[in-house]
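Chemist: My structure is stored as entry26.txt, with compact mmCIF, C-alpha atoms.
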# COMPACT_ATOMS: atom_id res chain seq x y z
CA MET A 1 0.00 0.00 0.00
CA ARG A 2 2.91 2.35 0.72
CA ASP A 3 4.11 2.08 -2.91
CA LYS A 4 0.55 2.63 -4.15
CA ILE A 5 0.26 5.86 -2.17
CA LEU A 6 3.70 7.02 -3.32
CA SER A 7 2.77 6.42 -6.98
CA TRP A 8 -0.55 8.24 -6.53
CA MET A 9 1.08 11.25 -4.87
CA ARG A 10 3.74 11.52 -7.56
CA GLY A 11 1.19 11.10 -10.35
CA GLN A 12 -0.88 13.96 -8.92
CA CYS A 13 2.20 16.13 -8.17
CA MET A 14 0.98 16.56 -4.60
CA THR A 15 4.30 17.61 -3.08
CA GLU A 16 7.70 19.01 -3.97
CA PRO A 17 10.99 18.49 -2.15
CA GLY A 18 11.21 20.89 0.77
CA ASP A 19 7.44 21.02 1.40
CA ILE A 20 5.93 20.91 4.86
CA VAL A 21 3.02 18.44 4.85
CA VAL A 22 0.66 18.80 7.80
CA CYS A 23 -1.46 15.67 8.32
CA ALA A 24 -4.98 16.26 9.61
CA VAL A 25 -5.24 13.59 12.32
CA SER A 26 -8.55 12.89 14.02
CA GLY A 27 -7.31 9.71 15.65
CA GLY A 28 -9.38 7.47 13.38
CA ALA A 29 -7.96 4.60 11.35
CA ASP A 30 -7.59 6.56 8.08
CA SER A 31 -5.70 9.53 9.53
CA VAL A 32 -3.44 7.39 11.74
CA CYS A 33 -2.52 5.28 8.72
CA MET A 34 -1.85 8.41 6.61
CA LEU A 35 0.46 9.90 9.24
CA HIS A 36 2.41 6.65 9.55
CA VAL A 37 2.76 6.21 5.75
CA LEU A 38 3.83 9.81 5.11
CA LEU A 39 6.42 9.57 7.86
CA SER A 40 7.85 6.52 6.08
CA LEU A 41 7.90 8.44 2.77
CA ARG A 42 9.35 11.72 4.01
CA ASP A 43 12.91 10.95 2.92
CA THR A 44 11.75 9.60 -0.44
CA LEU A 45 9.62 12.70 -1.11
CA GLY A 46 11.97 15.15 0.59
CA ILE A 47 9.22 16.54 2.83
CA THR A 48 8.78 17.51 6.47
CA VAL A 49 5.78 15.87 8.15
CA GLU A 50 3.76 17.56 10.89
CA ALA A 51 0.26 16.98 12.25
CA VAL A 52 -2.85 18.96 13.16
CA HIS A 53 -5.86 18.06 15.29
CA PHE A 54 -9.05 20.07 15.74
CA ASN A 55 -11.25 19.49 18.78
CA HIS A 56 -14.89 20.30 17.94
CA HIS A 57 -16.07 19.71 21.53
CA LEU A 58 -19.21 18.02 20.20
CA ARG A 59 -18.91 14.61 21.87
CA GLY A 60 -17.96 15.52 25.42
CA GLU A 61 -15.49 13.09 26.95
CA GLU A 62 -15.07 11.28 23.64
CA SER A 63 -13.77 14.48 21.98
CA ASP A 64 -11.28 14.93 24.80
CA ARG A 65 -10.28 11.27 24.48
CA ASP A 66 -9.51 11.77 20.76
CA ASP A 67 -7.52 14.92 21.57
CA ALA A 68 -5.42 13.07 24.17
CA PHE A 69 -4.90 10.09 21.82
CA VAL A 70 -3.57 12.28 19.00
CA ARG A 71 -1.27 14.15 21.36
CA ALA A 72 0.17 10.86 22.66
CA LEU A 73 0.48 9.43 19.15
CA CYS A 74 2.39 12.43 17.82
CA ALA A 75 4.61 12.58 20.89
CA GLY A 76 5.49 8.93 20.43
CA LEU A 77 6.28 9.42 16.74
CA GLY A 78 8.20 12.64 17.36
CA VAL A 79 5.87 14.66 15.14
CA ALA A 80 5.18 18.36 15.70
CA LEU A 81 1.45 18.80 16.44
CA HIS A 82 -0.82 21.83 15.98
CA VAL A 83 -4.05 21.72 18.01
CA GLY A 84 -7.09 23.93 17.49
CA ASN A 85 -10.62 24.00 18.85
CA GLY A 86 -13.84 25.94 18.38
CA ASP A 87 -17.41 26.37 19.55
CA VAL A 88 -19.26 24.64 16.72
CA ARG A 89 -22.74 24.98 18.16
CA ALA A 90 -22.30 28.71 18.73
CA ARG A 91 -21.22 29.18 15.10
CA ALA A 92 -24.14 27.09 13.84
CA ALA A 93 -26.58 29.21 15.85
CA GLN A 94 -25.03 32.40 14.53
CA THR A 95 -24.74 31.44 10.85
CA HIS A 96 -27.76 29.06 10.62
CA GLU A 97 -25.47 26.36 9.23
CA SER A 98 -25.94 22.73 10.19
CA VAL A 99 -23.66 21.51 12.97
CA GLU A 100 -21.75 19.49 10.37
CA GLU A 101 -21.28 22.54 8.14
CA ALA A 102 -20.19 24.71 11.06
CA ALA A 103 -17.70 22.08 12.23
CA ARG A 104 -16.17 21.79 8.78
CA ALA A 105 -15.93 25.57 8.38
CA LEU A 106 -14.11 26.00 11.71
CA ARG A 107 -11.87 23.01 11.10
CA TYR A 108 -10.81 24.06 7.61
CA ALA A 109 -10.31 27.68 8.65
CA PHE A 110 -7.82 26.50 11.27
CA PHE A 111 -6.13 24.11 8.84
CA SER A 112 -5.76 26.91 6.28
CA SER A 113 -3.98 29.10 8.83
CA LEU A 114 -1.07 26.66 8.96
CA PRO A 115 1.96 26.81 6.66
CA GLY A 116 2.57 24.13 4.05
CA ARG A 117 0.26 21.58 2.45
CA ILE A 118 -2.58 20.06 4.44
CA ALA A 119 -3.10 16.32 3.95
CA THR A 120 -6.56 14.92 4.68
CA ALA A 121 -7.17 11.19 4.91
CA HIS A 122 -10.06 10.76 2.46
CA THR A 123 -10.17 7.26 0.98
CA GLN A 124 -11.79 5.45 -1.93
CA ASP A 125 -14.67 4.62 0.41
CA ASP A 126 -15.16 8.30 1.26
CA ASN A 127 -15.05 9.08 -2.45
CA LEU A 128 -17.79 6.52 -3.22
CA GLU A 129 -19.95 7.89 -0.40
CA THR A 130 -19.49 11.43 -1.75
CA VAL A 131 -20.50 10.39 -5.28
CA LEU A 132 -23.64 8.66 -3.95
CA LEU A 133 -24.48 11.64 -1.74
CA ASN A 134 -24.20 13.94 -4.75
CA LEU A 135 -26.43 11.62 -6.77
CA THR A 136 -29.13 11.67 -4.09
CA ARG A 137 -29.02 15.48 -3.95
CA GLY A 138 -28.81 15.94 -7.70
CA THR A 139 -25.55 16.74 -9.42
CA GLY A 140 -23.74 17.50 -12.65
CA LEU A 141 -20.48 16.17 -13.98
CA ALA A 142 -18.41 17.93 -11.29
CA GLY A 143 -20.35 16.14 -8.55
CA LEU A 144 -19.72 12.76 -10.19
CA CYS A 145 -15.97 13.45 -10.06
CA GLY A 146 -16.11 12.84 -6.32
CA ILE A 147 -13.42 14.17 -4.00
CA PRO A 148 -10.69 16.10 -5.84
CA PRO A 149 -7.12 14.81 -5.32
CA LYS A 150 -6.00 18.31 -4.41
CA ARG A 151 -7.53 21.74 -4.02
CA GLY A 152 -5.52 24.76 -3.00
CA PRO A 153 -3.25 23.76 -0.12
CA PHE A 154 -5.22 20.53 0.54
CA ILE A 155 -4.00 17.17 -0.75
CA ARG A 156 -5.56 13.67 -0.46
CA PRO A 157 -2.73 11.08 -0.37
CA MET A 158 -5.07 8.24 0.71
CA LEU A 159 -7.64 8.67 -2.07
CA ALA A 160 -6.15 5.78 -4.08
CA VAL A 161 -6.62 3.20 -1.29
CA SER A 162 -9.64 1.59 0.35
CA ARG A 163 -10.60 1.40 4.00
CA GLU A 164 -10.05 -2.34 3.85
CA GLU A 165 -6.43 -1.79 2.79
CA ILE A 166 -5.99 0.73 5.60
CA GLU A 167 -7.28 -1.65 8.26
CA ALA A 168 -4.90 -4.33 7.00
CA TYR A 169 -1.99 -1.87 7.18
CA LEU A 170 -2.83 -0.92 10.78
CA THR A 171 -2.92 -4.59 11.77
CA GLN A 172 0.38 -5.34 10.03
CA ASN A 173 2.11 -2.41 11.71
CA GLY A 174 0.51 -2.80 15.16
CA LEU A 175 -1.09 0.64 15.08
CA SER A 176 -4.08 1.56 17.25
CA CYS A 177 -6.77 4.17 16.61
CA VAL A 178 -9.99 5.56 18.08
CA THR A 179 -13.52 5.37 16.71
CA ASP A 180 -15.94 8.28 16.37
CA SER A 181 -19.21 6.91 17.74
CA THR A 182 -21.27 9.32 15.59
CA ASN A 183 -20.10 7.42 12.48
CA LEU A 184 -22.27 4.53 13.66
CA LEU A 185 -25.47 6.55 14.11
CA PRO A 186 -28.14 6.23 11.36
CA ASP A 187 -29.24 9.88 11.66
CA ALA A 188 -26.77 11.12 9.01
CA ARG A 189 -27.33 10.37 5.32
CA ARG A 190 -23.68 9.45 4.77
CA ASN A 191 -23.88 6.91 7.62
CA ARG A 192 -27.07 5.36 6.16
CA LEU A 193 -25.41 5.03 2.76
CA ARG A 194 -22.35 3.46 4.38
CA GLN A 195 -24.33 1.01 6.50
CA SER A 196 -27.25 0.08 4.25
CA VAL A 197 -26.81 1.04 0.60
CA ILE A 198 -23.14 0.46 -0.13
CA PRO A 199 -23.12 -3.16 1.19
CA LEU A 200 -25.89 -3.97 -1.32
CA LEU A 201 -23.93 -2.37 -4.15
CA LYS A 202 -20.75 -4.16 -3.14
CA ALA A 203 -22.64 -7.44 -3.28
CA GLU A 204 -23.05 -6.73 -7.00
CA ASN A 205 -19.46 -5.49 -7.42
CA PRO A 206 -17.00 -6.19 -4.59
CA SER A 207 -14.53 -3.76 -6.25
CA LEU A 208 -17.05 -0.93 -6.31
CA CYS A 209 -14.83 1.56 -4.46
CA ASP A 210 -11.99 1.12 -6.94
CA THR A 211 -14.43 1.14 -9.88
CA ALA A 212 -15.95 4.43 -8.73
CA PHE A 213 -12.48 5.86 -8.13
CA ARG A 214 -11.40 5.07 -11.70
CA MET A 215 -14.67 6.47 -13.05
CA CYS A 216 -14.06 9.71 -11.14
CA ARG A 217 -10.61 10.10 -12.64
CA LEU A 218 -12.00 9.70 -16.19
CA LEU A 219 -14.79 12.18 -15.52
CA GLU A 220 -12.34 14.54 -13.86
CA ALA A 221 -10.38 14.77 -17.13
CA ASP A 222 -13.60 15.56 -19.03
CA GLU A 223 -14.62 18.16 -16.49
CA ALA A 224 -11.18 19.79 -16.64
CA GLN A 225 -11.44 20.13 -20.42
CA LEU A 226 -14.95 21.61 -20.27
CA SER A 227 -13.93 23.97 -17.48
CA ALA A 228 -10.95 25.19 -19.49
CA GLN A 229 -13.21 25.96 -22.46
CA ALA A 230 -15.67 27.69 -20.14
CA GLU A 231 -12.86 29.85 -18.77
CA GLN A 232 -11.97 30.91 -22.31
CA ALA A 233 -15.62 31.69 -23.08
CA PHE A 234 -15.99 33.70 -19.89
CA MET A 235 -12.86 35.73 -20.56
CA GLN A 236 -14.05 36.42 -24.11
CA ALA A 237 -17.47 37.61 -22.92
CA ARG A 238 -16.25 39.38 -19.79
CA LEU A 239 -17.14 43.01 -19.13
CA PRO A 240 -16.69 45.13 -16.00
CA HIS A 241 -19.17 43.58 -13.51
CA GLY A 242 -20.66 41.18 -16.06
CA VAL A 243 -20.61 39.57 -19.51
CA ARG A 244 -21.78 40.25 -23.05
CA CYS A 245 -24.84 38.05 -23.66
CA SER A 246 -24.41 37.51 -27.40
CA THR A 247 -20.89 36.20 -26.85
CA LEU A 248 -21.94 33.54 -24.35
CA THR A 249 -25.07 32.43 -26.19
CA ALA A 250 -22.88 31.38 -29.12
CA TYR A 251 -21.45 28.56 -26.98
CA PRO A 252 -23.03 25.13 -26.36
CA ASP A 253 -24.84 24.48 -23.10
CA ALA A 254 -22.00 22.57 -21.43
CA ILE A 255 -19.61 25.50 -21.92
CA ARG A 256 -22.04 28.38 -21.43
CA THR A 257 -23.52 27.19 -18.12
CA ARG A 258 -20.04 26.68 -16.69
CA ALA A 259 -19.14 30.21 -17.78
CA VAL A 260 -22.26 31.46 -15.98
CA LYS A 261 -21.08 29.68 -12.84
CA LEU A 262 -17.69 31.41 -13.16
CA LEU A 263 -19.54 34.73 -13.34
CA LEU A 264 -21.58 33.95 -10.23
CA ASP A 265 -18.51 32.74 -8.35
CA GLN A 266 -17.19 36.31 -8.48
CA ILE A 267 -19.78 37.67 -6.06
CA HIS A 268 -19.31 34.93 -3.43
CA ALA A 269 -23.03 35.02 -2.72
CA PRO A 270 -24.14 32.49 -0.07
CA LYS A 271 -26.02 29.32 -1.03
CA LEU A 272 -25.88 29.70 -4.80
CA SER A 273 -27.43 26.62 -6.38
CA ALA A 274 -28.04 25.03 -9.78
CA ARG A 275 -31.40 26.80 -9.76
CA HIS A 276 -29.67 30.19 -9.68
CA ILE A 277 -27.24 29.20 -12.45
CA ASP A 278 -30.17 28.07 -14.59
CA ALA A 279 -32.08 31.31 -13.94
CA VAL A 280 -29.11 33.48 -14.91
CA ASP A 281 -28.47 31.30 -17.96
CA ARG A 282 -32.08 31.87 -19.13
CA LEU A 283 -31.55 35.58 -18.57
CA LEU A 284 -28.95 35.53 -21.35
CA TYR A 285 -31.77 34.73 -23.81
CA SER A 286 -34.43 37.04 -22.37
CA GLU A 287 -36.22 39.26 -24.88
CA CYS A 288 -36.67 41.91 -22.19
CA PRO A 289 -33.64 44.25 -22.28
CA SER A 290 -34.03 45.04 -18.57
CA ALA A 291 -34.90 41.57 -17.24
CA ARG A 292 -33.44 40.66 -13.86
CA VAL A 293 -33.02 37.76 -11.43
CA SER A 294 -32.61 38.09 -7.66
CA LEU A 295 -29.69 36.18 -6.17
CA PRO A 296 -28.78 35.29 -2.56
CA GLY A 297 -26.96 37.86 -0.48
CA GLY A 298 -28.76 40.90 -1.90
CA TYR A 299 -27.31 40.57 -5.41
CA THR A 300 -29.12 40.96 -8.72
CA ALA A 301 -28.29 39.64 -12.18
CA GLN A 302 -29.69 42.18 -14.62
CA ARG A 303 -29.84 42.54 -18.38
CA GLU A 304 -28.83 45.87 -19.85
CA TYR A 305 -29.56 45.15 -23.48
CA ASP A 306 -26.68 42.91 -24.61
CA ARG A 307 -24.94 43.08 -21.24
CA LEU A 308 -25.64 40.95 -18.19
CA LEU A 309 -24.38 42.58 -15.02
CA LEU A 310 -24.15 41.50 -11.39
CA THR A 311 -24.99 44.26 -8.98
CA ALA A 312 -25.47 44.61 -5.25
CA ASP A 313 -28.37 46.64 -3.90
CA SER A 314 -30.00 48.78 -6.59
CA PRO A 315 -28.90 52.41 -6.22
CA ALA A 316 -31.53 54.80 -5.01
CA ALA A 317 -32.38 57.96 -6.93
CA PHE A 318 -30.41 61.03 -5.85
CA LYS A 319 -32.13 63.76 -3.89
CA PRO A 320 -33.33 66.86 -5.83
CA VAL A 321 -31.10 69.94 -5.58
CA THR A 322 -32.12 73.56 -6.23
CA LEU A 323 -29.56 75.65 -8.10
CA SER A 324 -29.77 79.45 -8.25
CA ILE A 325 -28.69 81.11 -11.49
CA GLY A 326 -25.06 82.15 -11.34
CA GLU A 327 -24.09 79.33 -8.99
CA SER A 328 -22.77 75.79 -9.36
CA VAL A 329 -23.35 72.60 -7.41
CA VAL A 330 -21.57 69.25 -7.20
CA LEU A 331 -23.69 66.10 -7.30
CA ARG A 332 -21.07 64.06 -5.51
CA PRO A 333 -22.79 60.63 -5.69
CA LEU A 334 -23.03 61.05 -9.47
CA GLY A 335 -19.56 62.51 -9.97
CA LEU A 336 -21.04 65.57 -11.70
CA ARG A 337 -20.82 69.33 -11.40
CA VAL A 338 -23.69 71.53 -12.65
CA CYS A 339 -23.46 75.26 -13.21
CA CYS A 340 -25.86 77.76 -14.80
CA LYS A 341 -25.49 81.40 -15.78
CA TRP A 342 -27.05 84.03 -18.03
CA GLN A 343 -25.36 84.73 -21.33
CA GLU A 344 -26.31 87.67 -23.52
CA ASN A 345 -25.16 86.14 -26.79
CA PHE A 346 -24.77 82.42 -26.95
CA SER A 347 -24.20 82.04 -30.68
CA GLU A 348 -20.87 80.29 -30.05
CA ILE A 349 -22.38 77.87 -27.56
CA GLN A 350 -23.77 74.69 -29.08
CA ASN A 351 -26.41 72.57 -27.41
CA THR A 352 -24.89 69.18 -26.59
CA LEU A 353 -25.81 66.15 -24.49
CA SER A 354 -24.52 68.00 -21.42
CA THR A 355 -24.88 71.71 -22.25
CA PHE A 356 -28.27 73.36 -22.69
CA ALA A 357 -29.07 76.90 -23.90
CA VAL A 358 -32.54 77.76 -22.61
CA LYS A 359 -34.74 80.75 -23.54
CA CYS A 360 -34.60 83.26 -20.73
CA ASP A 361 -38.26 84.22 -21.00
CA THR A 362 -39.31 80.62 -20.23
CA ILE A 363 -37.55 80.45 -16.85
CA GLY A 364 -39.91 80.55 -13.93
CA SER A 365 -40.23 83.54 -11.65
CA THR A 366 -38.01 81.98 -8.99
CA GLU A 367 -35.02 82.09 -11.34
CA GLN A 368 -33.91 78.74 -10.03
CA VAL A 369 -33.18 75.41 -11.69
CA LEU A 370 -34.20 72.16 -10.06
CA LEU A 371 -31.89 69.19 -10.59
CA ARG A 372 -33.92 66.07 -9.98
CA PRO A 373 -34.39 62.43 -11.04
CA ARG A 374 -36.90 61.64 -13.79
CA ARG A 375 -40.61 61.60 -13.05
CA THR A 376 -43.27 59.29 -14.40
CA HIS A 377 -44.93 61.68 -16.85
CA ASP A 378 -41.87 63.68 -17.96
CA VAL A 379 -42.10 64.72 -21.62
CA MET A 380 -39.69 66.68 -23.82
CA ARG A 381 -39.09 67.43 -27.50
CA THR A 382 -35.96 66.31 -29.34
CA PRO A 383 -35.19 66.30 -33.09
CA GLY A 384 -37.22 63.12 -33.27
CA GLY A 385 -40.36 64.73 -31.86
CA ARG A 386 -42.09 64.87 -28.48
CA LYS A 387 -41.64 61.74 -26.40
CA THR A 388 -41.82 60.67 -22.81
CA LEU A 389 -38.49 60.63 -21.02
CA LYS A 390 -38.97 56.91 -20.42
CA LYS A 391 -39.23 56.28 -24.18
CA LEU A 392 -36.19 58.47 -24.89
CA MET A 393 -34.10 56.55 -22.36
CA ILE A 394 -35.19 53.24 -23.86
CA ASP A 395 -34.36 54.48 -27.37
CA ARG A 396 -30.87 55.44 -26.19
CA LYS A 397 -30.47 52.10 -24.41
CA ILE A 398 -29.76 53.70 -21.07
CA PRO A 399 -29.70 50.85 -18.52
CA LEU A 400 -32.73 50.69 -16.26
CA ARG A 401 -30.64 50.77 -13.07
CA LYS A 402 -29.06 54.08 -14.18
CA ARG A 403 -32.18 55.91 -15.31
CA ASP A 404 -32.99 57.27 -11.86
CA LEU A 405 -29.40 58.53 -11.55
CA ILE A 406 -29.56 60.83 -14.59
CA PRO A 407 -30.07 64.48 -13.60
CA VAL A 408 -33.01 66.30 -15.15
CA ALA A 409 -32.75 70.11 -15.23
CA ALA A 410 -36.23 71.57 -14.77
CA ASP A 411 -38.17 74.57 -13.49
CA GLU A 412 -41.76 75.05 -12.43
CA HIS A 413 -42.93 74.66 -16.06
CA GLY A 414 -41.16 71.40 -16.86
CA ILE A 415 -37.96 69.96 -18.32
CA LEU A 416 -35.18 72.26 -19.55
CA GLY A 417 -32.73 69.52 -20.48
CA VAL A 418 -31.59 66.03 -19.54
CA TYR A 419 -27.98 64.94 -19.09
CA GLY A 420 -27.05 62.52 -21.84
CA ILE A 421 -30.12 63.36 -23.95
CA GLY A 422 -29.91 67.10 -24.52
CA VAL A 423 -31.99 70.27 -24.37
CA ASN A 424 -35.78 70.25 -24.49
CA LEU A 425 -36.35 71.90 -27.89
CA ASP A 426 -39.59 73.45 -26.58
CA ARG A 427 -37.38 75.47 -24.20
CA ALA A 428 -34.29 75.98 -26.40
CA ALA A 429 -33.04 79.53 -27.00
CA ALA A 430 -32.58 80.99 -30.46
CA PRO A 431 -28.98 81.91 -31.47
CA GLY A 432 -27.97 85.48 -30.68
CA GLY A 433 -30.46 86.02 -27.88
CA ARG A 434 -30.12 86.07 -24.12
CA ALA A 435 -30.08 82.55 -22.75
CA LEU A 436 -29.59 80.56 -19.62
CA ILE A 437 -26.65 78.22 -20.11
CA ILE A 438 -26.75 75.01 -18.07
CA ARG A 439 -23.58 72.96 -18.18
CA ILE A 440 -23.06 69.52 -16.61
CA GLU A 441 -19.51 68.14 -16.38
CA GLU A 442 -17.96 65.00 -15.02
CA ILE A 443 -15.57 65.45 -12.13
CA GLU A 444 -14.82 61.76 -11.50
CA LYS A 445 -14.44 59.78 -14.68
CA GLU A 446 -14.53 56.47 -12.89
CA ASP A 447 -18.04 57.19 -11.66
CA SER A 448 -19.39 58.19 -15.08
CA LEU A 449 -22.94 57.08 -15.72
CA TYR A 450 -21.92 55.90 -19.16
CA ASP A 451 -18.87 53.76 -18.41
Can you turn what I pasted into structure tokens?
Modeler:
Amino acid sequence: MRDKILSWMRGQCMTEPGDIVVCAVSGGADSVCMLHVLLSLRDTLGITVEAVHFNHHLRGEESDRDDAFVRALCAGLGVALHVGNGDVRARAAQTHESVEEAARALRYAFFSSLPGRIATAHTQDDNLETVLLNLTRGTGLAGLCGIPPKRGPFIRPMLAVSREEIEAYLTQNGLSCVTDSTNLLPDARRNRLRQSVIPLLKAENPSLCDTAFRMCRLLEADEAQLSAQAEQAFMQARLPHGVRCSTLTAYPDAIRTRAVKLLLDQIHAPKLSARHIDAVDRLLYSECPSARVSLPGGYTAQREYDRLLLTADSPAAFKPVTLSIGESVVLRPLGLRVCCKWQENFSEIQNTLSTFAVKCDTIGSTEQVLLRPRRTHDVMRTPGGRKTLKKLMIDRKIPLRKRDLIPVAADEHGILGVYGIGVNLDRAAAPGGRALIIRIEEIEKEDSLYD
């Protein structure tokens, strides 16, 4: 078995000479065997072997027994030991995770704080159980790949061997271990699969663990190829905060849906599921240019014509600001400065998307300009005729989430001009006359409404 593990580790490039490998040791048969085997391979691999134990304090005296056993084991083997502990039930109550999820989160957080590679003692049996668990929950190709040989700093040196081989090794080498009594309880799905389902399957195929392991390695190669193509598709479609829809929809389902998952992985939203991936994938094909899907954690996937963007909370409309003629004001949340002044002859000033020349005799008696968000029944005239502001924004493909952030210059009689659209021709001054010039300029390019 030692040679089998060595070949597996080398084939998966799990370590390099000079590495520190920290074995996660619970005291159970698998982890005790792993520690013993890696110690025997440390000269061959050129590694330093240490150990780590995490006390979850979930089983009272039994947890303390495991802690003491691992300490004695490592002391006897002359192995440096790191010990951590945590209040699993308190975390579960705070985060609403299951006790199992909370225990794993605390355990892996502690493991990740240690230097070097972390070796966990997952076996072929654990791999089979994981595949069956994923099948019962519903899974795609990635779930059928089982436990990955390595992920980040974590490596699985024992994944190529079965529990039966491990028990034989312990007997041959006179090694003792402890047993977690919760592994025998039928209240956990994994335990029920281990005790009731897997024995029936092994009756049909005694080599089922090895068969599933080989299947996982074949599927893992397929998944790696599809994931690489999805990464290319995602990078090709990628935009700031999202993707271009028409680019992704050109890809087949197997590539596109993986690219969607890569997009969703960026926001680290809690409890994302296949249902969310499917909903965002359908959004790519939506005929509504402003369609949206709510995601966990307060995020939204939203179409903006051919773009699909991920946003946090939708921005609220800015508060109206009154500007007296001859003054200027900064709309800091929008990154804009607005100024207005009288000009006796504006013939050299051209109306643009951000500069409006308004007839002076149309300005209300207050001689003030109101800078406000759009309103439901706003109407103005452009070279294309009189239209509602809503229709004008749709025509110009201004994203829905930005429409309430576009300043409208108005007085008591209505719209004077709209940033990004232009002057209201019903209020525009004739060349050569006295006019009110309203100018809107960006002061922070990175916050531009039209990035």
Chemist: Considering all atoms listed in the file, give me a table of residues in stretch 300-377 of chain A that are at most 6 Å from stretch 234-257 of chain A, with the closest atom pair and distance in Å for each, as CSV.
Modeler:
residue,atom,partner,partner_atom,distance
A:Asp306,CA,A:Cys245,CA,5.3
A:Arg307,CA,A:Arg244,CA,4.6
A:Leu308,CA,A:Val243,CA,5.4
A:Leu309,CA,A:Gly242,CA,4.1
A:Leu310,CA,A:His241,CA,5.8
Chemist: With distances taken over all atoms listed in the file, which of A:Gly76, A:Gly11, A:Pro289, A:Gly297 is nearest to A:Pro157?
Modeler: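 Selected residue with least distance to A:Pro157: A:Gly11.
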Chemist: So that I can see what lies close to A:Arg375, please list as a VMD selection string the residues with an atom at most 10 Å from it, counting all atoms listed in the file and leaving out residues fewer than 6 positions away in the same chain.
Modeler: chain A and resid 388 to 390 404 408
Chemist: What does the distance from atom CA of A:Gly422 to atom CA of A:Glu327 come to in Å, to one decimal?
Modeler: 20.6 Å
Chemist: What does the structure give for the distance between atom CA of A:Ala160 and atom CA of A:Gly143, in Å to one decimal?
Modeler: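 Here the two named atoms are 18.1 Å from each other.
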Chemist: Would you mind telling me which residue in A:Ile325, A:Ala224, A:Leu159, A:Ala103 lies nearest to A:Asp210 when using all atoms listed in the file?
Modeler: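 Counting all atoms listed in the file, the residue closest to A:Asp210 is A:Leu159.
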Chemist: Residues near A:Leu81, anyone? I mean within 12 Å using all atoms listed in the file, not counting same-chain ones fewer than 2 positions away, as a count of residues only.
Modeler: 29
Chemist: Please complete stretch 267-279 of chain A with N, CA and C atoms and give it back as a tab-separated table (two decimals), in the coordinates of the input.
Modeler:
chain	number	residue	atom	x	y	z
A	267	ILE	N	-19.12	36.88	-7.10
A	267	ILE	CA	-19.78	37.67	-6.06
A	267	ILE	C	-19.78	36.96	-4.71
A	268	HIS	N	-19.38	35.69	-4.69
A	268	HIS	CA	-19.31	34.93	-3.43
A	268	HIS	C	-20.63	35.01	-2.65
A	269	ALA	N	-21.73	34.98	-3.38
A	269	ALA	CA	-23.03	35.02	-2.72
A	269	ALA	C	-23.28	33.70	-1.99
A	270	PRO	N	-23.91	33.73	-0.82
A	270	PRO	CA	-24.14	32.49	-0.07
A	270	PRO	C	-25.22	31.63	-0.71
A	271	LYS	N	-25.02	30.31	-0.63
A	271	LYS	CA	-26.02	29.32	-1.03
A	271	LYS	C	-26.48	29.47	-2.48
A	272	LEU	N	-25.56	29.75	-3.38
A	272	LEU	CA	-25.88	29.70	-4.80
A	272	LEU	C	-26.09	28.24	-5.19
A	273	SER	N	-27.09	27.98	-6.02
A	273	SER	CA	-27.43	26.62	-6.38
A	273	SER	C	-27.56	26.50	-7.89
A	274	ALA	N	-27.81	25.26	-8.35
A	274	ALA	CA	-28.04	25.03	-9.78
A	274	ALA	C	-29.25	25.81	-10.26
A	275	ARG	N	-30.21	26.03	-9.38
A	275	ARG	CA	-31.40	26.80	-9.76
A	275	ARG	C	-31.03	28.24	-10.12
A	276	HIS	N	-30.10	28.82	-9.38
A	276	HIS	CA	-29.67	30.19	-9.68
A	276	HIS	C	-28.87	30.25	-10.98
A	277	ILE	N	-28.01	29.24	-11.20
A	277	ILE	CA	-27.24	29.20	-12.45
A	277	ILE	C	-28.18	29.09	-13.63
A	278	ASP	N	-29.20	28.24	-13.51
A	278	ASP	CA	-30.17	28.07	-14.59
A	278	ASP	C	-30.94	29.36	-14.85
A	279	ALA	N	-31.32	30.07	-13.78
A	279	ALA	CA	-32.08	31.31	-13.94
A	279	ALA	C	-31.25	32.38	-14.65
